[in-house]
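First up is the structure itself, then whatever we jot down about it.
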Amino acid sequence: MIGLGYDRFVRFMAPDDPNLKHPHDWYKYGEYGPYSWRGVVVGDPIRGSIMDERVTMIGSVRDQEEWEQIEMHEMGIDFGKRLQEEMDENAGFRYYWVFVRHPKWRVSELPWQQWTLVCEVVLEAGDQRLDKWNLMARLGSKAREMVTKCAAWMRPDIIYVKKPVYQCRFEPQDGFFSVLRPLLDPETEGEYLFELRGEGGRVEYCTYFGGLCRIVRVSAKAYVDDVVKGFEKLSDEGKSRCLEFLLTNHPVQLLHPYTREWKAKLEEEELGCDAPDEDEEKGGPEDELTDWIEDDGDDGESDDRVIEMAGEGEDEDEFGIVEDEASEDAEEDEDYWEKEFRKALNTNEGMEELAKKAVQRASKRADERFEKRSKKAVEPENSQSDDGDELAMRGRKAKITPEEWRQAGYGPFRRRIKKSKAPPGQFLRAAVRPFTYRNLVKEIVLLRHAILDGEIEMSNRN
């Protein structure tokens, strides 16, 4: 039974327990997982009568993994319905893959080991220019929630922790598949030969698709499902070797270093000399927003509550997000100093303490201004040295300025600002479905078979 078997027993295991079926199970079924309270009865059970409302469970699943597969299947069905019924194909679809990784990735890992492919996102964007470096900001709250849900399925070790933080990147599919056709076309694939290093260290030359078939140990004439099953049977090292062959020999470097140097390089390739500078990309006041909600046609009452955020985030860890200026705002408030002055009027010691506190506060503010000026003077040199070095991003805590807090919907003392409707054109219609490296291999094989069958002209995605 779910909640009373292996998934319940995992809670009492250590992270390195040999009885774990998969290392991710310790996070999924652990203290911060979504099922930490399942199977736990709080209080005395109340026996129901025939007049009480009841719930009948008709279906059953073998284990939690089967239930997750059902949820993924349902998300895939909703993905197709949204594309056909809610999104306009005439407006133009843009296809993207979403990769996630831990903010403290292992330096020794290869790019396809650092970045995990979790989902596919289709945007109703037409021909407008999209910046993949901040595309997450163009998605609505529901789309973001689905991306995070897919990340939780594929990488529980990132999401199901005390303070989950993950890095994500969007990579377009158009450029990937458009240059892949000559490598998969039987008439031209012989012109592109690549090195394939065997398990014994022997190097041989083969075609792009031929190398894939040799790694998964299937015939080049095998069906699509046979190639995919061969990939699934490989060990983690075998899958990494297969992805290394497919991605390193591809003309487009899909998982390039995610740095500002590469951003400038890609913008120059796309726009040439017309690539905008960072100062030009920053929008004016008309581009700024506070908080927003998606309009799904629901005429319910808007949420006008004010949420007090001051008590949260006190136990900050390396990736905790805490506004440093929030605690100082209380001391800058006039009411605060007026109350302190009234309290100090009664005794001489109180007045001395108040004066001492005011002098310390003034000297502290002067020191902070001096530090900020010195940091600004050193900043340009550091920013130039960080360009092209992805390790500069590793393990760094995201610093949120007061302006970003305001745009996120938090005002002074981090109180929640009243929600408003999303600005028109700010957020794109999107459909999300789970997508893994297994699906990527399947897409490559499907493209090969489409070329063999002469159906490649029927596809409007490539």
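To be explicit about the labels: the chains of the structure tokens are called A, B, and onward in the order shown, and within each one the residues are counted from 1, while ligands get numbers from 1 in the order they are shown.
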(message) Taking only region 79-202 of chain A into account, list the residues labelled helix (DSSP H, G or I) by DSSP (computed from the backbone), as a PyMOL selection string.
(response) chain A and resi 79-86+89-91+111-114+132-138+141-154+156-159+174-178+181-184+189-191
(message) Can you tell me which residues surround region 101-118 of chain A at a distance of at most 10 Å, considering only C-alpha atoms, apart from same-chain residues fewer than 6 positions away, and format the answer as a PyMOL selection string?
(response) chain A and resi 147-155+157-159+164-170+236+239-240+243-244+247+254-257+319+390-391+393-397+433-440
Residues near Trp133 (chain A), cut-off 12 Å, only C-alpha atoms, skip fewer than 5 positions along chain, as a PDB file with N, CA, C and O atoms, in the first residue's frame:
```pdb
ATOM      1  N   VAL A  98      13.665  22.881 -21.516  1.00  0.00           N
ATOM      2  CA  VAL A  98      14.030  23.480 -20.233  1.00  0.00           C
ATOM      3  C   VAL A  98      14.946  22.516 -19.494  1.00  0.00           C
ATOM      4  O   VAL A  98      14.588  21.348 -19.278  1.00  0.00           O
ATOM      5  N   ARG A 138       8.823  35.531 -18.695  1.00  0.00           N
ATOM      6  CA  ARG A 138       7.716  35.731 -19.627  1.00  0.00           C
ATOM      7  C   ARG A 138       6.626  34.687 -19.452  1.00  0.00           C
ATOM      8  O   ARG A 138       5.619  34.730 -20.176  1.00  0.00           O
ATOM      9  N   GLN A 167      18.609  26.349 -10.802  1.00  0.00           N
ATOM     10  CA  GLN A 167      18.882  27.162 -11.981  1.00  0.00           C
ATOM     11  C   GLN A 167      18.252  26.488 -13.186  1.00  0.00           C
ATOM     12  O   GLN A 167      18.298  25.260 -13.307  1.00  0.00           O
ATOM     13  N   CYS A 168      17.658  27.273 -14.066  1.00  0.00           N
ATOM     14  CA  CYS A 168      17.029  26.717 -15.256  1.00  0.00           C
ATOM     15  C   CYS A 168      17.487  27.494 -16.484  1.00  0.00           C
ATOM     16  O   CYS A 168      17.860  28.663 -16.389  1.00  0.00           O
ATOM     17  N   ARG A 169      17.446  26.845 -17.612  1.00  0.00           N
ATOM     18  CA  ARG A 169      17.813  27.476 -18.877  1.00  0.00           C
ATOM     19  C   ARG A 169      16.885  26.970 -19.973  1.00  0.00           C
ATOM     20  O   ARG A 169      16.472  25.806 -19.972  1.00  0.00           O
ATOM     21  N   PHE A 170      16.541  27.858 -20.896  1.00  0.00           N
ATOM     22  CA  PHE A 170      15.680  27.539 -22.027  1.00  0.00           C
ATOM     23  C   PHE A 170      16.553  27.471 -23.283  1.00  0.00           C
ATOM     24  O   PHE A 170      17.332  28.390 -23.545  1.00  0.00           O
ATOM     25  N   GLU A 171      16.397  26.392 -24.038  1.00  0.00           N
ATOM     26  CA  GLU A 171      17.142  26.231 -25.285  1.00  0.00           C
ATOM     27  C   GLU A 171      16.162  25.977 -26.426  1.00  0.00           C
ATOM     28  O   GLU A 171      15.312  25.096 -26.340  1.00  0.00           O
ATOM     29  N   PRO A 172      16.248  26.765 -27.520  1.00  0.00           N
ATOM     30  CA  PRO A 172      15.307  26.602 -28.638  1.00  0.00           C
ATOM     31  C   PRO A 172      15.566  25.317 -29.410  1.00  0.00           C
ATOM     32  O   PRO A 172      16.699  24.852 -29.528  1.00  0.00           O
ATOM     33  N   PRO A 257      28.375  27.156 -22.234  1.00  0.00           N
ATOM     34  CA  PRO A 257      28.476  27.840 -20.933  1.00  0.00           C
ATOM     35  C   PRO A 257      27.459  28.959 -20.823  1.00  0.00           C
ATOM     36  O   PRO A 257      27.272  29.747 -21.750  1.00  0.00           O
ATOM     37  N   TYR A 258      26.798  29.014 -19.688  1.00  0.00           N
ATOM     38  CA  TYR A 258      25.708  29.982 -19.498  1.00  0.00           C
ATOM     39  C   TYR A 258      26.282  31.247 -18.873  1.00  0.00           C
ATOM     40  O   TYR A 258      26.104  31.516 -17.685  1.00  0.00           O
ATOM     41  N   THR A 259      26.986  32.044 -19.666  1.00  0.00           N
ATOM     42  CA  THR A 259      27.650  33.245 -19.176  1.00  0.00           C
ATOM     43  C   THR A 259      27.303  34.431 -20.052  1.00  0.00           C
ATOM     44  O   THR A 259      26.753  34.292 -21.151  1.00  0.00           O
ATOM     45  N   ARG A 260      27.663  35.624 -19.560  1.00  0.00           N
ATOM     46  CA  ARG A 260      27.376  36.842 -20.309  1.00  0.00           C
ATOM     47  C   ARG A 260      28.177  36.912 -21.603  1.00  0.00           C
ATOM     48  O   ARG A 260      27.739  37.510 -22.581  1.00  0.00           O
ATOM     49  N   TRP A 262      28.796  34.388 -23.602  1.00  0.00           N
ATOM     50  CA  TRP A 262      28.040  33.637 -24.598  1.00  0.00           C
ATOM     51  C   TRP A 262      26.774  34.378 -24.997  1.00  0.00           C
ATOM     52  O   TRP A 262      26.331  34.313 -26.141  1.00  0.00           O
ATOM     53  N   LYS A 263      26.172  35.072 -24.057  1.00  0.00           N
ATOM     54  CA  LYS A 263      24.977  35.852 -24.391  1.00  0.00           C
ATOM     55  C   LYS A 263      25.303  36.909 -25.438  1.00  0.00           C
ATOM     56  O   LYS A 263      24.576  37.063 -26.427  1.00  0.00           O
ATOM     57  N   ALA A 264      26.406  37.634 -25.247  1.00  0.00           N
ATOM     58  CA  ALA A 264      26.808  38.640 -26.223  1.00  0.00           C
ATOM     59  C   ALA A 264      27.157  37.995 -27.560  1.00  0.00           C
ATOM     60  O   ALA A 264      26.838  38.533 -28.632  1.00  0.00           O
ATOM     61  N   LEU A 266      25.933  35.148 -28.863  1.00  0.00           N
ATOM     62  CA  LEU A 266      24.720  34.710 -29.554  1.00  0.00           C
ATOM     63  C   LEU A 266      23.924  35.897 -30.085  1.00  0.00           C
ATOM     64  O   LEU A 266      23.306  35.816 -31.149  1.00  0.00           O
ATOM     65  N   GLU A 267      23.916  37.009 -29.358  1.00  0.00           N
ATOM     66  CA  GLU A 267      23.213  38.193 -29.838  1.00  0.00           C
ATOM     67  C   GLU A 267      23.893  38.766 -31.077  1.00  0.00           C
ATOM     68  O   GLU A 267      23.220  39.242 -32.001  1.00  0.00           O
TER      69      GLU A 267
END
```
(message) Between CA of Lys339 (chain A) and CA of Arg365 (chain A), what is the distance in Å, rounded to a tenth?
(response)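 Computing it gives 21.2 Å between the two atoms.
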(request) Give the answer as one residue: which of A:Pro45, A:Pro251, A:Gly175, A:Pro156 has the shortest atom-to-atom distance to Phe194 (chain A), using only C-alpha atoms? (result)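 Looking at the shortest contact to Phe194 (chain A), the residue is A:Pro251.
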(request) Would you mind telling me which residue in A:Val161, A:Val122, A:Leu183, A:Ala137 lies nearest to Tyr96 (chain A) when using only C-alpha atoms? (result)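 Closest to Tyr96 (chain A), using only C-alpha atoms: A:Val122.
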(message) List the spatial neighbours of Asp78 (chain A) as a PyMOL selection string - criterion: any atom at most 12 Å away, only C-alpha atoms, same-chain residues fewer than 5 positions off excluded.
(response) chain A and resi 71-73+83-86+146+430-434
(message) Under the rule that only C-alpha atoms are counted, which of A:His449, A:Cys119, A:Val441, A:Arg241 is the nearest residue to Gly76 (chain A)?
(response)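 Ranked by minimum distance to Gly76 (chain A), first place goes to A:Cys119.
Distance check against Met136 (chain A) using only C-alpha atoms: of A:Gln426, A:Thr347, A:Ser36, A:Gln69, the minimum falls on A:Gln426.
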(request) Find the residues near Asp127 (chain A): any atom within 12 Å, counting only C-alpha atoms, skip ones fewer than 3 places away on the same chain, and give them as a list in words. (result)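 So, after excluding close chain neighbours, the residues are Asn90, Ala91, Gly92, Phe93, Arg94, Leu123, Glu124 and Leu130 of chain A.
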(message) Just checking: using only C-alpha atoms, which residue out of A:Asp185, A:Ser178, A:Glu53, A:Arg197 ends up closest to Gly454 (chain A)?
(response) A:Asp185
(request) Can you pull out every residue within 8 Å of region 20-29 of chain A, counting only C-alpha atoms, but drop anything in the same chain fewer than 2 positions away, and send it as a ChimeraX atom specification? (result) /A:7-8,10-11,13-18,31-36,155-157,160-161
(request) Step one, run DSSP on the backbone; step two, keep only residues of region 76-138 of chain A assigned to strand (DSSP E or B); then write them as a list in words. (result)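 Answer for region 76-138 of chain A, restricted to strand (DSSP E or B): Phe93, Arg94, Tyr95, Tyr96, Trp97, Val98, Phe99, Val100, Arg101, Thr116, Leu117, Val118, Cys119, Glu120, Val121, Val122, Leu123 and Glu124 of chain A.
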Go ahead and write the residues just picked, C-alpha atoms, as a tab-separated table (two decimals), in the first residue's frame.
```tsv
chain	number	residue	atom	x	y	z
A	93	PHE	CA	4.53	28.48	-31.95
A	94	ARG	CA	8.05	28.49	-30.54
A	95	TYR	CA	9.43	25.28	-29.06
A	96	TYR	CA	11.92	25.25	-26.17
A	97	TRP	CA	13.57	22.72	-23.93
A	98	VAL	CA	14.03	23.48	-20.23
A	99	PHE	CA	17.10	22.25	-18.36
A	100	VAL	CA	17.63	22.55	-14.60
A	101	ARG	CA	20.60	22.06	-12.30
A	116	THR	CA	18.90	17.74	-16.54
A	117	LEU	CA	16.30	17.99	-19.29
A	118	VAL	CA	12.94	18.16	-17.51
A	119	CYS	CA	10.26	19.53	-19.84
A	120	GLU	CA	9.28	21.01	-23.19
A	121	VAL	CA	7.62	24.42	-23.41
A	122	VAL	CA	5.65	25.70	-26.40
A	123	LEU	CA	5.12	29.47	-26.52
A	124	GLU	CA	2.60	31.40	-28.58
```
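Considering the residues A:Lys233, A:Ala143, A:Thr188, A:Glu65 and counting only C-alpha atoms, Phe79 (chain A) has its shortest atom-to-atom contact with A:Ala143.
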